[in-house]
Amino acid sequence: MTRYTVERLGHQGDGIVAGPLYVSGVLPGEVITGEVEKDRIVGPSIVTPSDHRVKAPCSHAKSCGGCNLQHASDDFVAGFKRGVVQTALTTRGMTAEVCATETSPPASRRRAVFSARRTKKGALVGFHMKASDTVIAVPNCKVLSPVLLGIVPVLEDLTVLGGSRKGTLRFTVTETTGGVDILAEGGKPADGPFLAQLAQTSAKPGIARLTWEDELIATQHTPAVNFGAAVVTPPPGAFFQATQEGEQTLVSAVLELIDGAGRVADLFSGCGTFTFPAAQSAEVHAFEGEKAMIASLEAGWRHAKGLRTVTATTRDLFRRPLLPDELNKFDAIIIDPPRAGAEAQIAEIAKSDVATIAMVSCNPVTFARDAEVLIAAGYEMRNLKVVDQFRWSSHVEVVAGFHR
Ligand SMILES: C[S@@+](CC[C@H](N)C(=O)[O-])C[C@H]1O[C@@H](n2cnc3c(N)ncnc32)[C@H](O)[C@@H]1O
């Protein structure tokens with residue numbers, strides 16, 4: 001059988017051998033054999049393992065599509081993620097020192113999306129298998145918090161009630177101080193006696209709220225999340241940083257970067273992850289595209305004590321980015337866009353006089369694109385850090401400061 005040597009990992013964690021051929025579950029330097037199907041090597045056998053190869057900590061690692069780097073040591077994964085960021089920058093002619101990766105501990109994911117199907121025997125709730133539509137149960141998952149794993153039986157009951165054997169239900173679950181907040185999408189329409197059945201089924205210890213599509217079914221306890229001195233009740237399915245530890249690391253890094261700023265704009269603010277910690281010492285104006293998140297943020301501010309003034313605006317920052325005149329009212333900007341980055345908004349920031357930008361990004365490629373524009377406009381990039389909230393996956397999150 002042909003032997004192949006893995007040259008490197010691509011940014012999504014796949015091994016690359018000459019050709020190029022792509023192969024999952026391998027590490028650089030490993031000699032492998034396997035069947036070639038189109039541009040992939042499937043079912044690879046490892047002839048010469050890497051020194052960085054470890055026994056996968058999770059019993060589902062082979063089949064589950066949730067983690068793709070469980071076969072690599074923690075040091076390797078941390079270095080790989082720094083490398084992904086460095087490559088994204090060097091591709092655009094930039095270099096920067098990337099500080100040590102801060103990795104969230106196992107069992108710390110407080111937000112997840114489960115897939116669910118009805119089966120002949122009942123229900124299956126879990127994650128998709130690697131490169132497949134098939135859903136598998138993940139009772140031994142090593143990334144989810146015990147609280148999220150603990151509510152799977154309730155999700156199974158909800159799937160029996162409202163799922164189908166053909167379609168897949170999606171449960172977005174978030175751990176909050178009031179219990180788990182559940183948003184179900186893709187199930188039967190919530191009407192008639194079904195509504196009452198759903199409410200009854202979700203009335204279990206540990207469940208805060210159930211929303212079925214757009215319908216609020218029941219709130220047993222208020223789902224609440226603490227951001228600095230504020231308590232926010234998020235809209236169903238709202239964005240949150242994936243782990244508490246990751247959030248704390250990002251918040252500390254952002255606060256350090258904007259230290260001394262009296263007026264701060266928080267762009268793509270979500271429900272206020274950075275807004276409220278920054279409002280300990282600065283007046284903050286939050287901008288976010290989702291009206292419901294801004295409403296939650298404003299309600300959190302009204303009840304919070306000891307903070308400077310927080311104001312908030314719903315605004316589509318892709319279509320209507322803040323213009324230089326608006327930006328120049330602030331001493332510092334926090335910007336945390338979705339994966340697409342913030343091309344239009346960054347172009348306006350580049351024309352502004354704002355001295356400090358704290359940028360958080362979940363996509364090194366768009367981060368590098370946006371960083372290049374800021375650097376061309378005279379900003380200097382500092383304190384670039386990888387924050388790993390998605391342990392054992394190839395997902396990379398970064399935070400960096402831009403100053404002039
Ligand atoms: C990566 S999240 C960050 C949220 C927040 N900073 C946090 O840490 O919780 C990106 C946010 O951008 C918002 N968003 C997406 N597209 C947007 C747009 N075109 N204009 C304004 N906000 C948008 C999303 O609703 C989401 O809250």
# chains A, B, ... in the order shown; residues from 1 in each chain; ligands from 1

call {"tool": "residues_near_ligand", "arguments": {"ligand": "ligand 1", "cutoff": "10 Å", "atoms": "only C-alpha atoms and all ligand atoms", "output": "PDB file with N, CA, C and O atoms, in the first residue's frame"}}
result
ATOM      1  N   PHE A 227     -22.757  39.840  33.657  1.00  0.00           N
ATOM      2  CA  PHE A 227     -21.663  40.491  32.922  1.00  0.00           C
ATOM      3  C   PHE A 227     -21.172  41.628  33.812  1.00  0.00           C
ATOM      4  O   PHE A 227     -21.863  42.655  33.937  1.00  0.00           O
ATOM      5  N   ALA A 238     -29.473  33.560  22.208  1.00  0.00           N
ATOM      6  CA  ALA A 238     -28.529  34.682  22.033  1.00  0.00           C
ATOM      7  C   ALA A 238     -27.083  34.191  22.064  1.00  0.00           C
ATOM      8  O   ALA A 238     -26.772  33.172  22.664  1.00  0.00           O
ATOM      9  N   PHE A 239     -26.228  34.994  21.416  1.00  0.00           N
ATOM     10  CA  PHE A 239     -24.800  34.666  21.405  1.00  0.00           C
ATOM     11  C   PHE A 239     -24.194  34.876  22.798  1.00  0.00           C
ATOM     12  O   PHE A 239     -24.505  35.848  23.471  1.00  0.00           O
ATOM     13  N   PHE A 240     -23.320  33.934  23.200  1.00  0.00           N
ATOM     14  CA  PHE A 240     -22.468  34.100  24.386  1.00  0.00           C
ATOM     15  C   PHE A 240     -21.114  33.532  24.080  1.00  0.00           C
ATOM     16  O   PHE A 240     -21.006  32.620  23.252  1.00  0.00           O
ATOM     17  N   GLN A 241     -20.085  34.009  24.758  1.00  0.00           N
ATOM     18  CA  GLN A 241     -18.792  33.348  24.642  1.00  0.00           C
ATOM     19  C   GLN A 241     -18.988  31.918  25.147  1.00  0.00           C
ATOM     20  O   GLN A 241     -19.758  31.674  26.071  1.00  0.00           O
ATOM     21  N   ALA A 242     -18.254  30.966  24.531  1.00  0.00           N
ATOM     22  CA  ALA A 242     -18.573  29.541  24.739  1.00  0.00           C
ATOM     23  C   ALA A 242     -18.278  29.033  26.144  1.00  0.00           C
ATOM     24  O   ALA A 242     -18.931  28.112  26.630  1.00  0.00           O
ATOM     25  N   GLU A 247     -14.490  33.728  28.325  1.00  0.00           N
ATOM     26  CA  GLU A 247     -15.054  35.080  28.439  1.00  0.00           C
ATOM     27  C   GLU A 247     -14.193  35.932  29.367  1.00  0.00           C
ATOM     28  O   GLU A 247     -13.868  37.086  29.052  1.00  0.00           O
ATOM     29  N   LEU A 250     -10.982  36.965  27.655  1.00  0.00           N
ATOM     30  CA  LEU A 250     -11.225  37.999  26.640  1.00  0.00           C
ATOM     31  C   LEU A 250     -11.542  39.346  27.293  1.00  0.00           C
ATOM     32  O   LEU A 250     -11.024  40.386  26.886  1.00  0.00           O
ATOM     33  N   VAL A 251     -12.391  39.309  28.340  1.00  0.00           N
ATOM     34  CA  VAL A 251     -12.773  40.561  29.007  1.00  0.00           C
ATOM     35  C   VAL A 251     -11.532  41.214  29.624  1.00  0.00           C
ATOM     36  O   VAL A 251     -11.298  42.417  29.458  1.00  0.00           O
ATOM     37  N   ASP A 266     -18.799  49.955  22.002  1.00  0.00           N
ATOM     38  CA  ASP A 266     -18.702  48.489  21.945  1.00  0.00           C
ATOM     39  C   ASP A 266     -19.496  48.045  20.710  1.00  0.00           C
ATOM     40  O   ASP A 266     -20.727  48.068  20.720  1.00  0.00           O
ATOM     41  N   LEU A 267     -18.789  47.690  19.641  1.00  0.00           N
ATOM     42  CA  LEU A 267     -19.442  47.355  18.365  1.00  0.00           C
ATOM     43  C   LEU A 267     -19.641  45.842  18.261  1.00  0.00           C
ATOM     44  O   LEU A 267     -18.731  45.079  18.572  1.00  0.00           O
ATOM     45  N   PHE A 268     -20.811  45.426  17.789  1.00  0.00           N
ATOM     46  CA  PHE A 268     -21.216  44.009  17.785  1.00  0.00           C
ATOM     47  C   PHE A 268     -21.251  43.543  19.249  1.00  0.00           C
ATOM     48  O   PHE A 268     -20.621  42.564  19.627  1.00  0.00           O
ATOM     49  N   SER A 269     -22.020  44.277  20.056  1.00  0.00           N
ATOM     50  CA  SER A 269     -21.949  44.113  21.519  1.00  0.00           C
ATOM     51  C   SER A 269     -22.648  42.879  22.048  1.00  0.00           C
ATOM     52  O   SER A 269     -22.416  42.497  23.195  1.00  0.00           O
ATOM     53  N   GLY A 270     -23.514  42.248  21.260  1.00  0.00           N
ATOM     54  CA  GLY A 270     -24.320  41.160  21.801  1.00  0.00           C
ATOM     55  C   GLY A 270     -25.138  41.688  22.968  1.00  0.00           C
ATOM     56  O   GLY A 270     -25.669  42.805  22.922  1.00  0.00           O
ATOM     57  N   CYS A 271     -25.218  40.909  24.065  1.00  0.00           N
ATOM     58  CA  CYS A 271     -25.996  41.325  25.236  1.00  0.00           C
ATOM     59  C   CYS A 271     -25.144  42.102  26.228  1.00  0.00           C
ATOM     60  O   CYS A 271     -25.601  42.386  27.338  1.00  0.00           O
ATOM     61  N   GLY A 272     -23.875  42.371  25.900  1.00  0.00           N
ATOM     62  CA  GLY A 272     -23.087  43.236  26.792  1.00  0.00           C
ATOM     63  C   GLY A 272     -21.899  42.572  27.469  1.00  0.00           C
ATOM     64  O   GLY A 272     -21.431  43.059  28.503  1.00  0.00           O
ATOM     65  N   THR A 273     -21.382  41.485  26.890  1.00  0.00           N
ATOM     66  CA  THR A 273     -20.227  40.781  27.460  1.00  0.00           C
ATOM     67  C   THR A 273     -19.096  41.752  27.822  1.00  0.00           C
ATOM     68  O   THR A 273     -18.506  41.654  28.900  1.00  0.00           O
ATOM     69  N   PHE A 274     -18.795  42.679  26.904  1.00  0.00           N
ATOM     70  CA  PHE A 274     -17.711  43.644  27.169  1.00  0.00           C
ATOM     71  C   PHE A 274     -18.264  44.986  27.657  1.00  0.00           C
ATOM     72  O   PHE A 274     -17.576  45.728  28.341  1.00  0.00           O
ATOM     73  N   THR A 275     -19.522  45.285  27.284  1.00  0.00           N
ATOM     74  CA  THR A 275     -20.104  46.591  27.630  1.00  0.00           C
ATOM     75  C   THR A 275     -20.057  46.835  29.135  1.00  0.00           C
ATOM     76  O   THR A 275     -19.583  47.885  29.587  1.00  0.00           O
ATOM     77  N   ALA A 286     -23.188  50.844  23.281  1.00  0.00           N
ATOM     78  CA  ALA A 286     -23.172  49.532  22.628  1.00  0.00           C
ATOM     79  C   ALA A 286     -23.945  49.605  21.310  1.00  0.00           C
ATOM     80  O   ALA A 286     -25.005  50.233  21.240  1.00  0.00           O
ATOM     81  N   PHE A 287     -23.429  48.958  20.277  1.00  0.00           N
ATOM     82  CA  PHE A 287     -24.112  48.859  18.973  1.00  0.00           C
ATOM     83  C   PHE A 287     -24.198  47.379  18.618  1.00  0.00           C
ATOM     84  O   PHE A 287     -23.190  46.661  18.698  1.00  0.00           O
ATOM     85  N   GLU A 288     -25.377  46.950  18.190  1.00  0.00           N
ATOM     86  CA  GLU A 288     -25.595  45.531  17.901  1.00  0.00           C
ATOM     87  C   GLU A 288     -26.745  45.427  16.910  1.00  0.00           C
ATOM     88  O   GLU A 288     -27.692  46.228  16.954  1.00  0.00           O
ATOM     89  N   GLY A 289     -26.692  44.416  16.024  1.00  0.00           N
ATOM     90  CA  GLY A 289     -27.707  44.277  14.989  1.00  0.00           C
ATOM     91  C   GLY A 289     -29.021  43.686  15.474  1.00  0.00           C
ATOM     92  O   GLY A 289     -30.076  43.935  14.888  1.00  0.00           O
ATOM     93  N   GLU A 290     -28.981  42.884  16.521  1.00  0.00           N
ATOM     94  CA  GLU A 290     -30.194  42.203  17.002  1.00  0.00           C
ATOM     95  C   GLU A 290     -30.908  43.056  18.049  1.00  0.00           C
ATOM     96  O   GLU A 290     -30.382  43.261  19.154  1.00  0.00           O
ATOM     97  N   LYS A 291     -32.135  43.478  17.669  1.00  0.00           N
ATOM     98  CA  LYS A 291     -32.930  44.333  18.553  1.00  0.00           C
ATOM     99  C   LYS A 291     -33.139  43.695  19.939  1.00  0.00           C
ATOM    100  O   LYS A 291     -33.040  44.364  20.969  1.00  0.00           O
ATOM    101  N   ALA A 292     -33.410  42.375  19.933  1.00  0.00           N
ATOM    102  CA  ALA A 292     -33.729  41.704  21.205  1.00  0.00           C
ATOM    103  C   ALA A 292     -32.523  41.711  22.141  1.00  0.00           C
ATOM    104  O   ALA A 292     -32.668  41.789  23.367  1.00  0.00           O
ATOM    105  N   MET A 293     -31.333  41.606  21.577  1.00  0.00           N
ATOM    106  CA  MET A 293     -30.137  41.625  22.437  1.00  0.00           C
ATOM    107  C   MET A 293     -29.936  43.013  23.033  1.00  0.00           C
ATOM    108  O   MET A 293     -29.567  43.156  24.195  1.00  0.00           O
ATOM    109  N   ILE A 294     -30.197  44.055  22.231  1.00  0.00           N
ATOM    110  CA  ILE A 294     -30.072  45.425  22.746  1.00  0.00           C
ATOM    111  C   ILE A 294     -31.115  45.657  23.849  1.00  0.00           C
ATOM    112  O   ILE A 294     -30.806  46.279  24.873  1.00  0.00           O
ATOM    113  N   THR A 313     -27.722  51.054  20.934  1.00  0.00           N
ATOM    114  CA  THR A 313     -28.429  51.292  19.680  1.00  0.00           C
ATOM    115  C   THR A 313     -28.455  50.015  18.847  1.00  0.00           C
ATOM    116  O   THR A 313     -27.420  49.348  18.717  1.00  0.00           O
ATOM    117  N   THR A 314     -29.625  49.695  18.295  1.00  0.00           N
ATOM    118  CA  THR A 314     -29.695  48.595  17.335  1.00  0.00           C
ATOM    119  C   THR A 314     -29.255  49.141  15.979  1.00  0.00           C
ATOM    120  O   THR A 314     -29.830  50.120  15.491  1.00  0.00           O
ATOM    121  N   ARG A 315     -28.254  48.539  15.390  1.00  0.00           N
ATOM    122  CA  ARG A 315     -27.769  49.079  14.109  1.00  0.00           C
ATOM    123  C   ARG A 315     -27.060  47.969  13.341  1.00  0.00           C
ATOM    124  O   ARG A 315     -26.256  47.217  13.920  1.00  0.00           O
ATOM    125  N   ASP A 316     -27.356  47.880  12.056  1.00  0.00           N
ATOM    126  CA  ASP A 316     -26.672  46.914  11.188  1.00  0.00           C
ATOM    127  C   ASP A 316     -25.329  47.526  10.789  1.00  0.00           C
ATOM    128  O   ASP A 316     -25.276  48.452   9.975  1.00  0.00           O
ATOM    129  N   LEU A 317     -24.269  47.014  11.367  1.00  0.00           N
ATOM    130  CA  LEU A 317     -22.944  47.614  11.169  1.00  0.00           C
ATOM    131  C   LEU A 317     -22.276  47.155   9.871  1.00  0.00           C
ATOM    132  O   LEU A 317     -21.224  47.663   9.516  1.00  0.00           O
ATOM    133  N   PHE A 318     -22.905  46.196   9.173  1.00  0.00           N
ATOM    134  CA  PHE A 318     -22.409  45.858   7.830  1.00  0.00           C
ATOM    135  C   PHE A 318     -22.912  46.899   6.829  1.00  0.00           C
ATOM    136  O   PHE A 318     -22.183  47.395   6.011  1.00  0.00           O
ATOM    137  N   ARG A 319     -24.215  47.201   6.934  1.00  0.00           N
ATOM    138  CA  ARG A 319     -24.825  48.147   5.991  1.00  0.00           C
ATOM    139  C   ARG A 319     -24.640  49.601   6.408  1.00  0.00           C
ATOM    140  O   ARG A 319     -24.551  50.485   5.584  1.00  0.00           O
ATOM    141  N   ARG A 320     -24.690  49.828   7.736  1.00  0.00           N
ATOM    142  CA  ARG A 320     -24.600  51.220   8.231  1.00  0.00           C
ATOM    143  C   ARG A 320     -23.511  51.314   9.299  1.00  0.00           C
ATOM    144  O   ARG A 320     -23.784  51.495  10.478  1.00  0.00           O
ATOM    145  N   PRO A 321     -22.265  51.143   8.884  1.00  0.00           N
ATOM    146  CA  PRO A 321     -21.188  51.241   9.875  1.00  0.00           C
ATOM    147  C   PRO A 321     -21.143  52.644  10.474  1.00  0.00           C
ATOM    148  O   PRO A 321     -21.603  53.601   9.842  1.00  0.00           O
ATOM    149  N   ILE A 334     -14.268  48.872  21.117  1.00  0.00           N
ATOM    150  CA  ILE A 334     -14.206  47.406  21.229  1.00  0.00           C
ATOM    151  C   ILE A 334     -14.969  46.888  20.015  1.00  0.00           C
ATOM    152  O   ILE A 334     -16.079  47.373  19.731  1.00  0.00           O
ATOM    153  N   ILE A 335     -14.415  45.939  19.309  1.00  0.00           N
ATOM    154  CA  ILE A 335     -15.122  45.414  18.129  1.00  0.00           C
ATOM    155  C   ILE A 335     -14.981  43.899  18.114  1.00  0.00           C
ATOM    156  O   ILE A 335     -13.880  43.369  18.187  1.00  0.00           O
ATOM    157  N   ASP A 336     -16.125  43.203  18.053  1.00  0.00           N
ATOM    158  CA  ASP A 336     -16.138  41.731  18.138  1.00  0.00           C
ATOM    159  C   ASP A 336     -17.131  41.195  17.101  1.00  0.00           C
ATOM    160  O   ASP A 336     -18.233  40.757  17.448  1.00  0.00           O
ATOM    161  N   PRO A 337     -16.771  41.252  15.814  1.00  0.00           N
ATOM    162  CA  PRO A 337     -17.736  40.902  14.768  1.00  0.00           C
ATOM    163  C   PRO A 337     -17.949  39.388  14.632  1.00  0.00           C
ATOM    164  O   PRO A 337     -17.180  38.603  15.184  1.00  0.00           O
ATOM    165  N   PRO A 338     -18.968  38.990  13.852  1.00  0.00           N
ATOM    166  CA  PRO A 338     -19.127  37.564  13.551  1.00  0.00           C
ATOM    167  C   PRO A 338     -18.021  37.085  12.602  1.00  0.00           C
ATOM    168  O   PRO A 338     -17.138  37.860  12.237  1.00  0.00           O
ATOM    169  N   ARG A 339     -18.098  35.825  12.174  1.00  0.00           N
ATOM    170  CA  ARG A 339     -17.004  35.210  11.391  1.00  0.00           C
ATOM    171  C   ARG A 339     -16.644  35.995  10.124  1.00  0.00           C
ATOM    172  O   ARG A 339     -15.508  36.004   9.686  1.00  0.00           O
ATOM    173  N   ALA A 340     -17.636  36.689   9.544  1.00  0.00           N
ATOM    174  CA  ALA A 340     -17.381  37.435   8.316  1.00  0.00           C
ATOM    175  C   ALA A 340     -16.465  38.631   8.548  1.00  0.00           C
ATOM    176  O   ALA A 340     -15.983  39.247   7.592  1.00  0.00           O
ATOM    177  N   GLY A 341     -16.204  38.981   9.809  1.00  0.00           N
ATOM    178  CA  GLY A 341     -15.375  40.135  10.107  1.00  0.00           C
ATOM    179  C   GLY A 341     -16.172  41.418   9.994  1.00  0.00           C
ATOM    180  O   GLY A 341     -17.411  41.392  10.042  1.00  0.00           O
ATOM    181  N   ALA A 342     -15.486  42.543   9.856  1.00  0.00           N
ATOM    182  CA  ALA A 342     -16.176  43.837   9.906  1.00  0.00           C
ATOM    183  C   ALA A 342     -15.606  44.761   8.848  1.00  0.00           C
ATOM    184  O   ALA A 342     -15.225  45.897   9.131  1.00  0.00           O
ATOM    185  N   ALA A 344     -16.703  46.680   6.360  1.00  0.00           N
ATOM    186  CA  ALA A 344     -17.219  48.041   6.160  1.00  0.00           C
ATOM    187  C   ALA A 344     -16.906  48.915   7.372  1.00  0.00           C
ATOM    188  O   ALA A 344     -16.495  50.074   7.227  1.00  0.00           O
ATOM    189  N   GLN A 345     -17.082  48.351   8.577  1.00  0.00           N
ATOM    190  CA  GLN A 345     -16.840  49.152   9.789  1.00  0.00           C
ATOM    191  C   GLN A 345     -15.349  49.470   9.956  1.00  0.00           C
ATOM    192  O   GLN A 345     -14.978  50.578  10.337  1.00  0.00           O
ATOM    193  N   MET A 359      -9.758  44.506  19.343  1.00  0.00           N
ATOM    194  CA  MET A 359     -10.495  43.670  18.380  1.00  0.00           C
ATOM    195  C   MET A 359     -10.511  42.215  18.856  1.00  0.00           C
ATOM    196  O   MET A 359      -9.466  41.648  19.180  1.00  0.00           O
ATOM    197  N   VAL A 360     -11.700  41.634  18.877  1.00  0.00           N
ATOM    198  CA  VAL A 360     -11.880  40.217  19.209  1.00  0.00           C
ATOM    199  C   VAL A 360     -12.403  39.557  17.944  1.00  0.00           C
ATOM    200  O   VAL A 360     -13.252  40.128  17.255  1.00  0.00           O
ATOM    201  N   SER A 361     -11.907  38.368  17.624  1.00  0.00           N
ATOM    202  CA  SER A 361     -12.350  37.730  16.380  1.00  0.00           C
ATOM    203  C   SER A 361     -12.369  36.207  16.525  1.00  0.00           C
ATOM    204  O   SER A 361     -11.509  35.626  17.175  1.00  0.00           O
ATOM    205  N   CYS A 362     -13.367  35.594  15.868  1.00  0.00           N
ATOM    206  CA  CYS A 362     -13.444  34.127  15.878  1.00  0.00           C
ATOM    207  C   CYS A 362     -13.019  33.569  14.517  1.00  0.00           C
ATOM    208  O   CYS A 362     -13.287  32.404  14.222  1.00  0.00           O
ATOM    209  N   ASN A 363     -12.369  34.408  13.713  1.00  0.00           N
ATOM    210  CA  ASN A 363     -11.933  33.941  12.395  1.00  0.00           C
ATOM    211  C   ASN A 363     -10.601  34.602  12.020  1.00  0.00           C
ATOM    212  O   ASN A 363     -10.572  35.777  11.640  1.00  0.00           O
ATOM    213  N   GLU A 397      -9.844  31.598  18.256  1.00  0.00           N
ATOM    214  CA  GLU A 397     -10.362  32.911  18.661  1.00  0.00           C
ATOM    215  C   GLU A 397      -9.175  33.813  19.019  1.00  0.00           C
ATOM    216  O   GLU A 397      -8.249  33.340  19.674  1.00  0.00           O
TER     217      GLU A 397
END

call {"tool": "residues_around", "arguments": {"residues": "Thr249 in chain A", "least_positions_apart": "6", "cutoff": "12 Å", "atoms": "only C-alpha atoms", "output": "list in words"}}
result
Thr101, Glu102, Thr103, Ser104, Gln241, Ala242, Thr243, Leu255, Glu256, Thr273, Phe274, Val360, Lys385, Val386, Val387, Asp388, Gln389, Glu397, Val398 and Val399 of chain A

call {"tool": "write_last_selection", "arguments": {"atoms": "N, CA and C atoms", "output": "short mmCIF file (atom, residue, chain, number, x, y, z; two decimals), in the first residue's frame"}}
result
data_model
loop_
_atom_site.label_atom_id
_atom_site.label_comp_id
_atom_site.auth_asym_id
_atom_site.auth_seq_id
_atom_site.Cartn_x
_atom_site.Cartn_y
_atom_site.Cartn_z
N THR A 101 -1.25 30.57 24.09
CA THR A 101 -2.68 30.28 23.98
C THR A 101 -3.28 30.04 25.37
N GLU A 102 -4.43 30.64 25.63
CA GLU A 102 -5.13 30.38 26.90
C GLU A 102 -6.29 29.42 26.60
N THR A 103 -6.18 28.20 27.10
CA THR A 103 -7.15 27.16 26.75
C THR A 103 -8.15 26.92 27.88
N SER A 104 -9.43 26.87 27.55
CA SER A 104 -10.45 26.59 28.57
C SER A 104 -10.35 25.15 29.03
N GLN A 241 -20.08 34.01 24.76
CA GLN A 241 -18.79 33.35 24.64
C GLN A 241 -18.99 31.92 25.15
N ALA A 242 -18.25 30.97 24.53
CA ALA A 242 -18.57 29.54 24.74
C ALA A 242 -18.28 29.03 26.14
N THR A 243 -17.27 29.62 26.80
CA THR A 243 -16.95 29.19 28.17
C THR A 243 -16.80 30.42 29.05
N LEU A 255 -10.17 44.87 28.61
CA LEU A 255 -10.10 45.97 29.60
C LEU A 255 -8.69 46.53 29.68
N GLU A 256 -7.70 45.65 29.59
CA GLU A 256 -6.30 46.10 29.61
C GLU A 256 -6.01 47.00 28.40
N THR A 273 -21.38 41.48 26.89
CA THR A 273 -20.23 40.78 27.46
C THR A 273 -19.10 41.75 27.82
N PHE A 274 -18.80 42.68 26.90
CA PHE A 274 -17.71 43.64 27.17
C PHE A 274 -18.26 44.99 27.66
N VAL A 360 -11.70 41.63 18.88
CA VAL A 360 -11.88 40.22 19.21
C VAL A 360 -12.40 39.56 17.94
N LYS A 385 -3.30 37.72 21.11
CA LYS A 385 -3.42 36.54 21.98
C LYS A 385 -4.43 35.55 21.40
N VAL A 386 -4.12 34.25 21.48
CA VAL A 386 -5.11 33.24 21.09
C VAL A 386 -5.86 32.80 22.34
N VAL A 387 -7.17 32.79 22.28
CA VAL A 387 -7.99 32.31 23.40
C VAL A 387 -8.74 31.09 22.90
N ASP A 388 -8.45 29.94 23.50
CA ASP A 388 -9.02 28.69 22.99
C ASP A 388 -10.21 28.25 23.84
N GLN A 389 -11.40 28.63 23.35
CA GLN A 389 -12.63 28.22 24.05
C GLN A 389 -13.17 26.92 23.45
N GLU A 397 -9.84 31.60 18.26
CA GLU A 397 -10.36 32.91 18.66
C GLU A 397 -9.18 33.81 19.02
N VAL A 398 -9.20 35.06 18.61
CA VAL A 398 -8.07 35.95 18.93
C VAL A 398 -8.56 37.28 19.51
N VAL A 399 -7.66 37.93 20.26
CA VAL A 399 -7.90 39.29 20.72
C VAL A 399 -6.60 40.07 20.51
#

call {"tool": "residues_around", "arguments": {"residues": "Val365 in chain A", "least_positions_apart": "3", "cutoff": "7 Å", "atoms": "only C-alpha atoms", "output": "PyMOL selection string"}}
result
chain A and resi 88+368-369

call {"tool": "select_by_dssp", "arguments": {"residues": "range 199-355 of chain A", "states": "alpha helix (DSSP H)", "output": "ChimeraX atom specification"}}
result
/A:199-202,244-257,275-278,291-303,324-327,343-351

call {"tool": "residues_around", "arguments": {"residues": "Ser202 in chain A", "least_positions_apart": "2", "cutoff": "9 Å", "atoms": "only C-alpha atoms", "output": "MDAnalysis selection string"}}
result
chainID A and resid 154:155 157:158 197:200 204:205 207:210 217:218 220

call {"tool": "residues_around", "arguments": {"residues": "Gly162 in chain A", "least_positions_apart": "6", "cutoff": "9 Å", "atoms": "only C-alpha atoms", "output": "list in words"}}
result
Arg118, Leu169, Gly187, Lys188, Pro189, Ala190, Phe194 and Leu198 of chain A

call {"tool": "closest_residue", "arguments": {"among": "A:Cys64, A:Ile136, A:Leu297, A:Leu161", "to": "Ala224 in chain A", "atoms": "only C-alpha atoms"}}
result
A:Leu297

call {"tool": "residues_around", "arguments": {"residues": "Cys58 in chain A", "least_positions_apart": "3", "cutoff": "12 Å", "atoms": "only C-alpha atoms", "output": "NGL selection string"}}
result
:A and (54-55 or 61-64 or 66-71 or 106-107 or 138-144 or 392)

call {"tool": "residues_around", "arguments": {"residues": "range 122-127 of chain A", "least_positions_apart": "5", "cutoff": "6 Å", "atoms": "only C-alpha atoms", "output": "number ranges by chain"}}
result
A: 114-117, 135-138, 156, 160

call {"tool": "atom_distance", "arguments": {"atom1": "CA of Ser296 in chain A", "atom2": "CA of Ala112 in chain A"}}
result
20.6 Å

call {"tool": "atom_distance", "arguments": {"atom1": "CA of Pro49 in chain A", "atom2": "CA of Glu7 in chain A"}}
result
13.3 Å

call {"tool": "select_by_dssp", "arguments": {"residues": "range 111-352 of chain A", "states": "strand (DSSP E or B)", "output": "PyMOL selection string"}}
result
chain A and resi 111-118+123-129+135-137+144+169-176+179-185+207-212+215-219+225-227+230-232+243+263-267+283-288+310-314+332-335

call {"tool": "atom_distance", "arguments": {"atom1": "CA of Asp14 in chain A", "atom2": "CA of Gly246 in chain A"}}
result
24.6 Å
